[in-house]
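Enquirer: Dropping in model-v6.txt, with compact mmCIF, N, CA and C atoms.
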# COMPACT_ATOMS: atom_id res chain seq x y z
N MET A 61 103.84 115.16 96.31
CA MET A 61 103.62 115.20 94.88
C MET A 61 102.22 115.75 94.62
N LYS A 62 102.11 116.68 93.71
CA LYS A 62 100.83 117.26 93.37
C LYS A 62 99.95 116.21 92.69
N GLN A 63 98.65 116.40 92.80
CA GLN A 63 97.72 115.44 92.24
C GLN A 63 97.88 115.29 90.72
N THR A 64 98.26 116.36 90.03
CA THR A 64 98.39 116.30 88.58
C THR A 64 99.74 115.75 88.12
N GLU A 65 100.71 115.64 89.02
CA GLU A 65 102.02 115.11 88.67
C GLU A 65 101.97 113.59 88.61
N LYS A 66 102.63 113.03 87.60
CA LYS A 66 102.73 111.58 87.49
C LYS A 66 104.10 111.14 88.00
N LYS A 67 104.14 110.03 88.68
CA LYS A 67 105.41 109.48 89.13
C LYS A 67 106.17 108.99 87.91
N LYS A 68 107.44 109.33 87.82
CA LYS A 68 108.27 108.86 86.72
C LYS A 68 108.80 107.47 87.03
N TYR A 69 108.95 106.69 85.99
CA TYR A 69 109.50 105.34 86.12
C TYR A 69 111.02 105.40 85.96
N THR A 70 111.70 104.52 86.64
CA THR A 70 113.14 104.36 86.48
C THR A 70 113.35 103.23 85.49
N VAL A 71 114.13 103.48 84.45
CA VAL A 71 114.42 102.46 83.45
C VAL A 71 115.89 102.09 83.55
N MET A 72 116.13 100.82 83.83
CA MET A 72 117.49 100.30 83.89
C MET A 72 117.73 99.51 82.61
N ILE A 73 118.89 99.67 82.02
CA ILE A 73 119.25 98.96 80.79
C ILE A 73 120.26 97.89 81.16
N GLY A 74 119.91 96.64 80.92
CA GLY A 74 120.80 95.52 81.24
C GLY A 74 122.08 95.53 80.41
N LYS A 75 123.07 94.82 80.89
CA LYS A 75 124.38 94.77 80.26
C LYS A 75 124.30 94.30 78.80
N HIS A 76 123.56 93.23 78.55
CA HIS A 76 123.43 92.70 77.19
C HIS A 76 122.74 93.71 76.28
N ALA A 77 121.71 94.34 76.78
CA ALA A 77 120.98 95.33 75.98
C ALA A 77 121.88 96.52 75.64
N LYS A 78 122.66 96.98 76.60
CA LYS A 78 123.58 98.11 76.34
C LYS A 78 124.55 97.79 75.22
N LYS A 79 125.11 96.56 75.25
CA LYS A 79 126.06 96.15 74.22
C LYS A 79 125.39 96.07 72.85
N SER A 80 124.16 95.61 72.82
CA SER A 80 123.45 95.44 71.56
C SER A 80 123.02 96.75 70.94
N VAL A 81 122.62 97.70 71.77
CA VAL A 81 122.12 98.97 71.26
C VAL A 81 123.20 99.68 70.44
N VAL A 82 124.44 99.63 70.87
CA VAL A 82 125.50 100.32 70.13
C VAL A 82 125.75 99.69 68.75
N LYS A 83 125.31 98.46 68.55
CA LYS A 83 125.47 97.78 67.27
C LYS A 83 124.31 98.06 66.31
N MET A 84 123.25 98.68 66.81
CA MET A 84 122.09 98.98 65.98
C MET A 84 122.38 100.16 65.07
N PRO A 85 121.67 100.24 63.94
CA PRO A 85 121.79 101.45 63.11
C PRO A 85 121.36 102.68 63.93
N ALA A 86 121.89 103.84 63.56
CA ALA A 86 121.64 105.07 64.32
C ALA A 86 120.15 105.39 64.46
N ASP A 87 119.37 105.18 63.40
CA ASP A 87 117.94 105.50 63.48
C ASP A 87 117.22 104.58 64.47
N VAL A 88 117.67 103.35 64.59
CA VAL A 88 117.06 102.41 65.54
C VAL A 88 117.50 102.76 66.96
N GLN A 89 118.75 103.19 67.12
CA GLN A 89 119.21 103.67 68.43
C GLN A 89 118.34 104.84 68.89
N ASP A 90 118.02 105.72 67.96
CA ASP A 90 117.16 106.86 68.28
C ASP A 90 115.77 106.39 68.74
N LYS A 91 115.23 105.40 68.05
CA LYS A 91 113.91 104.86 68.44
C LYS A 91 113.98 104.20 69.81
N PHE A 92 115.08 103.50 70.07
CA PHE A 92 115.26 102.88 71.38
C PHE A 92 115.26 103.95 72.47
N ALA A 93 115.97 105.04 72.23
CA ALA A 93 116.03 106.15 73.19
C ALA A 93 114.63 106.74 73.40
N LEU A 94 113.85 106.86 72.32
CA LEU A 94 112.48 107.36 72.45
C LEU A 94 111.61 106.40 73.27
N LEU A 95 111.80 105.09 73.05
CA LEU A 95 111.06 104.10 73.83
C LEU A 95 111.39 104.23 75.32
N VAL A 96 112.67 104.34 75.64
CA VAL A 96 113.08 104.46 77.05
C VAL A 96 112.45 105.71 77.67
N GLU A 97 112.48 106.82 76.96
CA GLU A 97 111.86 108.05 77.47
C GLU A 97 110.35 107.90 77.63
N ASP A 98 109.72 107.21 76.70
CA ASP A 98 108.28 106.97 76.78
C ASP A 98 107.94 106.12 78.01
N ILE A 99 108.74 105.09 78.26
CA ILE A 99 108.52 104.25 79.44
C ILE A 99 108.73 105.06 80.72
N LYS A 100 109.79 105.88 80.76
CA LYS A 100 110.04 106.71 81.94
C LYS A 100 108.85 107.61 82.26
N LYS A 101 108.29 108.17 81.22
CA LYS A 101 107.21 109.14 81.40
C LYS A 101 105.84 108.47 81.61
N ASN A 102 105.58 107.39 80.87
CA ASN A 102 104.22 106.83 80.82
C ASN A 102 104.07 105.41 81.35
N GLY A 103 105.17 104.76 81.71
CA GLY A 103 105.07 103.41 82.26
C GLY A 103 105.37 102.33 81.25
N ALA A 104 105.38 101.09 81.73
CA ALA A 104 105.83 99.95 80.94
C ALA A 104 104.83 99.47 79.90
N ILE A 105 103.57 99.74 80.07
CA ILE A 105 102.56 99.27 79.11
C ILE A 105 102.50 100.28 77.97
N ARG A 106 103.17 99.97 76.87
CA ARG A 106 103.32 100.91 75.76
C ARG A 106 102.58 100.40 74.51
N THR A 107 101.27 100.38 74.57
CA THR A 107 100.46 99.88 73.46
C THR A 107 100.56 100.75 72.22
N ASN A 108 101.13 101.93 72.33
CA ASN A 108 101.31 102.81 71.18
C ASN A 108 102.53 102.44 70.33
N TRP A 109 103.32 101.46 70.77
CA TRP A 109 104.49 101.02 70.01
C TRP A 109 104.14 99.81 69.16
N PRO A 110 104.77 99.67 67.98
CA PRO A 110 104.46 98.56 67.07
C PRO A 110 104.67 97.19 67.71
N ASN A 111 103.71 96.33 67.52
CA ASN A 111 103.76 94.95 67.99
C ASN A 111 104.01 94.82 69.49
N PHE A 112 103.59 95.82 70.26
CA PHE A 112 103.71 95.70 71.72
C PHE A 112 102.92 94.47 72.16
N SER A 113 103.50 93.70 73.07
CA SER A 113 102.74 92.59 73.64
C SER A 113 103.28 92.21 75.01
N ASP A 114 102.40 91.61 75.77
CA ASP A 114 102.70 91.05 77.08
C ASP A 114 103.24 89.65 76.81
N LEU A 115 104.45 89.37 77.26
CA LEU A 115 105.06 88.07 77.05
C LEU A 115 104.81 87.12 78.22
N GLY A 116 104.06 87.57 79.22
CA GLY A 116 103.80 86.76 80.41
C GLY A 116 104.88 86.93 81.45
N LYS A 117 104.55 86.61 82.70
CA LYS A 117 105.50 86.69 83.82
C LYS A 117 106.21 88.04 83.89
N ASP A 118 105.44 89.13 83.79
CA ASP A 118 105.96 90.49 83.93
C ASP A 118 106.92 90.91 82.82
N LYS A 119 106.86 90.25 81.66
CA LYS A 119 107.73 90.58 80.53
C LYS A 119 106.91 91.19 79.40
N TYR A 120 107.52 92.15 78.70
CA TYR A 120 106.86 92.85 77.60
C TYR A 120 107.87 93.06 76.48
N HIS A 121 107.35 93.35 75.29
CA HIS A 121 108.24 93.66 74.18
C HIS A 121 107.53 94.53 73.16
N CYS A 122 108.32 95.17 72.29
CA CYS A 122 107.78 95.88 71.14
C CYS A 122 108.85 95.92 70.07
N HIS A 123 108.43 96.25 68.86
CA HIS A 123 109.35 96.36 67.73
C HIS A 123 109.82 97.81 67.62
N LEU A 124 111.09 97.98 67.36
CA LEU A 124 111.65 99.29 67.08
C LEU A 124 111.56 99.56 65.58
N ASN A 125 111.66 98.51 64.80
CA ASN A 125 111.34 98.49 63.38
C ASN A 125 111.18 97.02 63.01
N TYR A 126 111.17 96.69 61.74
CA TYR A 126 110.91 95.30 61.35
C TYR A 126 111.95 94.32 61.91
N HIS A 127 113.21 94.73 61.98
CA HIS A 127 114.28 93.81 62.37
C HIS A 127 114.72 93.91 63.82
N TRP A 128 114.33 94.96 64.54
CA TRP A 128 114.87 95.21 65.87
C TRP A 128 113.75 95.30 66.90
N VAL A 129 113.99 94.71 68.08
CA VAL A 129 113.01 94.70 69.16
C VAL A 129 113.66 95.07 70.48
N ALA A 130 112.82 95.40 71.44
CA ALA A 130 113.26 95.62 72.82
C ALA A 130 112.34 94.81 73.73
N CYS A 131 112.91 94.23 74.77
CA CYS A 131 112.15 93.44 75.74
C CYS A 131 112.47 93.96 77.14
N TRP A 132 111.45 93.98 78.01
CA TRP A 132 111.67 94.51 79.35
C TRP A 132 110.82 93.78 80.38
N TYR A 133 111.27 93.87 81.63
CA TYR A 133 110.56 93.37 82.80
C TYR A 133 109.89 94.54 83.51
N TRP A 134 108.72 94.30 84.04
CA TRP A 134 108.08 95.28 84.91
C TRP A 134 107.08 94.56 85.80
N LYS A 135 107.20 94.74 87.08
CA LYS A 135 106.27 94.14 88.04
C LYS A 135 105.25 95.20 88.42
N LYS A 136 103.97 94.87 88.26
CA LYS A 136 102.91 95.81 88.59
C LYS A 136 103.07 96.33 90.00
N GLY A 137 102.78 97.62 90.15
CA GLY A 137 102.88 98.25 91.46
C GLY A 137 104.24 98.85 91.74
N THR A 138 105.20 98.64 90.82
CA THR A 138 106.53 99.23 91.01
C THR A 138 106.76 100.31 89.96
N PHE A 139 107.81 101.08 90.16
CA PHE A 139 108.17 102.13 89.21
C PHE A 139 109.54 101.87 88.61
N ILE A 140 109.94 100.60 88.58
CA ILE A 140 111.23 100.21 88.01
C ILE A 140 111.00 99.27 86.84
N VAL A 141 111.59 99.61 85.72
CA VAL A 141 111.51 98.80 84.51
C VAL A 141 112.93 98.43 84.11
N GLU A 142 113.14 97.16 83.74
CA GLU A 142 114.47 96.74 83.30
C GLU A 142 114.41 96.24 81.87
N VAL A 143 115.14 96.90 80.98
CA VAL A 143 115.26 96.43 79.60
C VAL A 143 116.32 95.34 79.62
N TYR A 144 115.91 94.10 79.35
CA TYR A 144 116.85 92.98 79.42
C TYR A 144 117.33 92.54 78.04
N TYR A 145 116.66 93.01 76.99
CA TYR A 145 117.09 92.64 75.64
C TYR A 145 116.76 93.77 74.68
N ALA A 146 117.70 94.09 73.82
CA ALA A 146 117.48 95.00 72.70
C ALA A 146 118.35 94.44 71.59
N GLY A 147 117.73 94.06 70.50
CA GLY A 147 118.51 93.47 69.41
C GLY A 147 117.63 92.97 68.30
N SER A 148 118.18 92.06 67.51
CA SER A 148 117.45 91.56 66.35
C SER A 148 116.24 90.73 66.80
N ARG A 149 115.20 90.83 66.04
CA ARG A 149 114.00 90.08 66.42
C ARG A 149 114.22 88.58 66.23
N GLU A 150 115.12 88.21 65.32
CA GLU A 150 115.39 86.79 65.09
C GLU A 150 116.03 86.12 66.31
N LYS A 151 116.76 86.88 67.12
CA LYS A 151 117.46 86.32 68.29
C LYS A 151 116.76 86.68 69.61
N ALA A 152 115.60 87.29 69.52
CA ALA A 152 114.89 87.73 70.72
C ALA A 152 114.52 86.54 71.62
N PRO A 153 114.64 86.71 72.93
CA PRO A 153 114.38 85.61 73.88
C PRO A 153 112.90 85.46 74.24
N TYR A 154 112.05 85.29 73.25
CA TYR A 154 110.62 85.06 73.54
C TYR A 154 110.07 83.96 72.71
Give the structure from the file, written as structure tokens.

Expert:
Amino acid sequence: MKQTEKKKYTVMIGKHAKKSVVKMPADVQDKFALLVEDIKKNGAIRTNWPNFSDLGKDKYHCHLNYHWVACWYWKKGTFIVEVYYAGSREKAPY
């Protein structure tokens, strides 16, 4: 790998998250897709997303809009991120 190339992250979408994403409005699905691409390219720490925060124990989350959030796992030193929740913020597991 060239010095200027960045390693891309692998983003896995959990079963529950996949089911929930299809229930989101189309514009929120688009934002979710943008988030996944951003994580693939730039890593799990996405401070440029609204309400991004570290939830502790290798868990993170951000808002896709006021009502919808995404949550993911990432262990430092790895290039694998798992989105374990995407859905309403009222039902978010944090």

Enquirer: Considering only N, CA and C atoms, state which residue in the set A:Asp87, A:Val141, A:Gly103, A:Glu97 is at the smallest distance from Met72 in chain A.

Expert: A:Val141

Enquirer: Identify which of the residues A:Ala104, A:Lys75, A:Cys122, A:Trp128 lies closest to Val88 in chain A, counting all atoms listed in the file when measuring atom-to-atom distances.

Expert: A:Trp128

Enquirer: Run DSSP on the backbone of this structure and report the residues of range 67-108 of chain A it assigns to strand (DSSP E or B), as a list in words.

Expert: Thr70, Val71, Met72 and Ile73 of chain A

Enquirer: Expressed in Å to a single decimal, how great is the separation between atom C of Tyr145 in chain A and atom C of Lys68 in chain A?

Expert: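 Between atom C of Tyr145 in chain A and atom C of Lys68 in chain A the gap is 20.1 Å.
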
Enquirer: What's the separation between CA of Ala130 in chain A and atom C of Lys67 in chain A, in Å to one decimal place?

Expert: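 That distance, rounded to one decimal, is 21.4 Å.
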
Enquirer: Can you work out which one of A:Ser80, A:Ile73, A:Tyr120, A:Ser113 has the shortest atom-to-atom distance to Glu142 in chain A, counting only C-alpha atoms?

Expert: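 Smallest distance to Glu142 in chain A is found for A:Ile73.
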
Enquirer: Using Å and a single decimal, report how far CA of Lys100 in chain A sits from CA of Pro85 in chain A.

Expert: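 Interatomic distance here is 22.8 Å.
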
Enquirer: Can you tell me, as a list in words, what residues are no more than 8 Å from Asn111 in chain A when counting all atoms listed in the file, ignoring any on the same chain fewer than 6 positions away?

Expert: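 Using all atoms listed in the file, the neighbours found are His121, Cys122, His123 and Leu124 of chain A.
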
Enquirer: Given only C-alpha atoms as the basis, pick out the residue of A:Ser148, A:Asn108, A:Thr138, A:Thr70 nearest to Asn125 in chain A.

Expert: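 The answer is A:Ser148, which sits nearest to Asn125 in chain A.
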
Enquirer: Kindly output range 126-137 of chain A as a short mmCIF file (atom, residue, chain, number, x, y, z; two decimals), in the coordinates of the input, after building all heavy atoms.

Expert:
data_model
loop_
_atom_site.label_atom_id
_atom_site.label_comp_id
_atom_site.auth_asym_id
_atom_site.auth_seq_id
_atom_site.Cartn_x
_atom_site.Cartn_y
_atom_site.Cartn_z
N TYR A 126 111.17 96.69 61.74
CA TYR A 126 110.91 95.30 61.35
C TYR A 126 111.95 94.32 61.91
O TYR A 126 111.60 93.21 62.29
CB TYR A 126 110.86 95.19 59.82
CG TYR A 126 110.52 93.79 59.36
CD1 TYR A 126 109.22 93.32 59.44
CD2 TYR A 126 111.50 92.93 58.90
CE1 TYR A 126 108.89 92.02 59.06
CE2 TYR A 126 111.20 91.64 58.51
CZ TYR A 126 109.90 91.19 58.59
OH TYR A 126 109.59 89.91 58.22
N HIS A 127 113.21 94.73 61.98
CA HIS A 127 114.28 93.81 62.37
C HIS A 127 114.72 93.91 63.82
O HIS A 127 115.44 93.03 64.30
CB HIS A 127 115.52 94.03 61.48
CG HIS A 127 115.27 93.68 60.05
ND1 HIS A 127 115.15 92.40 59.61
CD2 HIS A 127 115.11 94.47 58.97
CE1 HIS A 127 114.93 92.39 58.31
NE2 HIS A 127 114.89 93.65 57.89
N TRP A 128 114.33 94.96 64.54
CA TRP A 128 114.87 95.21 65.87
C TRP A 128 113.75 95.30 66.90
O TRP A 128 112.72 95.91 66.66
CB TRP A 128 115.68 96.49 65.88
CG TRP A 128 116.82 96.46 64.92
CD1 TRP A 128 116.83 96.92 63.64
CD2 TRP A 128 118.12 95.92 65.14
NE1 TRP A 128 118.04 96.71 63.05
CE2 TRP A 128 118.86 96.09 63.95
CE3 TRP A 128 118.73 95.30 66.23
CZ2 TRP A 128 120.19 95.67 63.82
CZ3 TRP A 128 120.04 94.90 66.10
CH2 TRP A 128 120.75 95.08 64.91
N VAL A 129 113.99 94.71 68.08
CA VAL A 129 113.01 94.70 69.16
C VAL A 129 113.66 95.07 70.48
O VAL A 129 114.89 95.04 70.62
CB VAL A 129 112.32 93.32 69.33
CG1 VAL A 129 111.61 92.91 68.06
CG2 VAL A 129 113.30 92.25 69.75
N ALA A 130 112.82 95.40 71.44
CA ALA A 130 113.26 95.62 72.82
C ALA A 130 112.34 94.81 73.73
O ALA A 130 111.13 94.72 73.46
CB ALA A 130 113.19 97.10 73.18
N CYS A 131 112.91 94.23 74.77
CA CYS A 131 112.15 93.44 75.74
C CYS A 131 112.47 93.96 77.14
O CYS A 131 113.62 94.30 77.43
CB CYS A 131 112.53 91.97 75.67
SG CYS A 131 112.32 91.20 74.06
N TRP A 132 111.45 93.98 78.01
CA TRP A 132 111.67 94.51 79.35
C TRP A 132 110.82 93.78 80.38
O TRP A 132 109.83 93.15 80.06
CB TRP A 132 111.44 96.01 79.41
CG TRP A 132 110.08 96.50 79.02
CD1 TRP A 132 109.01 96.73 79.85
CD2 TRP A 132 109.61 96.83 77.71
NE1 TRP A 132 107.93 97.18 79.14
CE2 TRP A 132 108.28 97.25 77.82
CE3 TRP A 132 110.20 96.80 76.44
CZ2 TRP A 132 107.52 97.63 76.71
CZ3 TRP A 132 109.44 97.19 75.35
CH2 TRP A 132 108.12 97.60 75.50
N TYR A 133 111.27 93.87 81.63
CA TYR A 133 110.56 93.37 82.80
C TYR A 133 109.89 94.54 83.51
O TYR A 133 110.47 95.62 83.61
CB TYR A 133 111.51 92.77 83.85
CG TYR A 133 112.25 91.54 83.47
CD1 TYR A 133 113.64 91.57 83.33
CD2 TYR A 133 111.61 90.32 83.30
CE1 TYR A 133 114.35 90.44 83.00
CE2 TYR A 133 112.32 89.17 82.98
CZ TYR A 133 113.69 89.23 82.84
OH TYR A 133 114.40 88.12 82.52
N TRP A 134 108.72 94.30 84.04
CA TRP A 134 108.08 95.28 84.91
C TRP A 134 107.08 94.56 85.80
O TRP A 134 106.22 93.83 85.31
CB TRP A 134 107.36 96.35 84.12
CG TRP A 134 106.55 97.28 84.98
CD1 TRP A 134 107.02 98.16 85.89
CD2 TRP A 134 105.13 97.40 85.02
NE1 TRP A 134 105.98 98.83 86.50
CE2 TRP A 134 104.80 98.36 85.96
CE3 TRP A 134 104.09 96.77 84.33
CZ2 TRP A 134 103.49 98.73 86.24
CZ3 TRP A 134 102.80 97.13 84.60
CH2 TRP A 134 102.50 98.11 85.56
N LYS A 135 107.20 94.74 87.08
CA LYS A 135 106.27 94.14 88.04
C LYS A 135 105.25 95.20 88.42
O LYS A 135 105.62 96.30 88.84
CB LYS A 135 107.02 93.64 89.26
CG LYS A 135 106.14 92.86 90.19
CD LYS A 135 106.95 92.10 91.20
CE LYS A 135 105.99 91.37 92.08
NZ LYS A 135 106.24 89.97 92.18
N LYS A 136 103.97 94.87 88.26
CA LYS A 136 102.91 95.81 88.59
C LYS A 136 103.07 96.33 90.00
O LYS A 136 103.45 95.61 90.91
CB LYS A 136 101.53 95.15 88.44
CG LYS A 136 101.12 94.96 87.02
CD LYS A 136 99.71 94.42 86.92
CE LYS A 136 99.35 94.26 85.46
NZ LYS A 136 98.01 93.80 85.25
N GLY A 137 102.78 97.62 90.15
CA GLY A 137 102.88 98.25 91.46
C GLY A 137 104.24 98.85 91.74
O GLY A 137 104.44 99.48 92.77
#
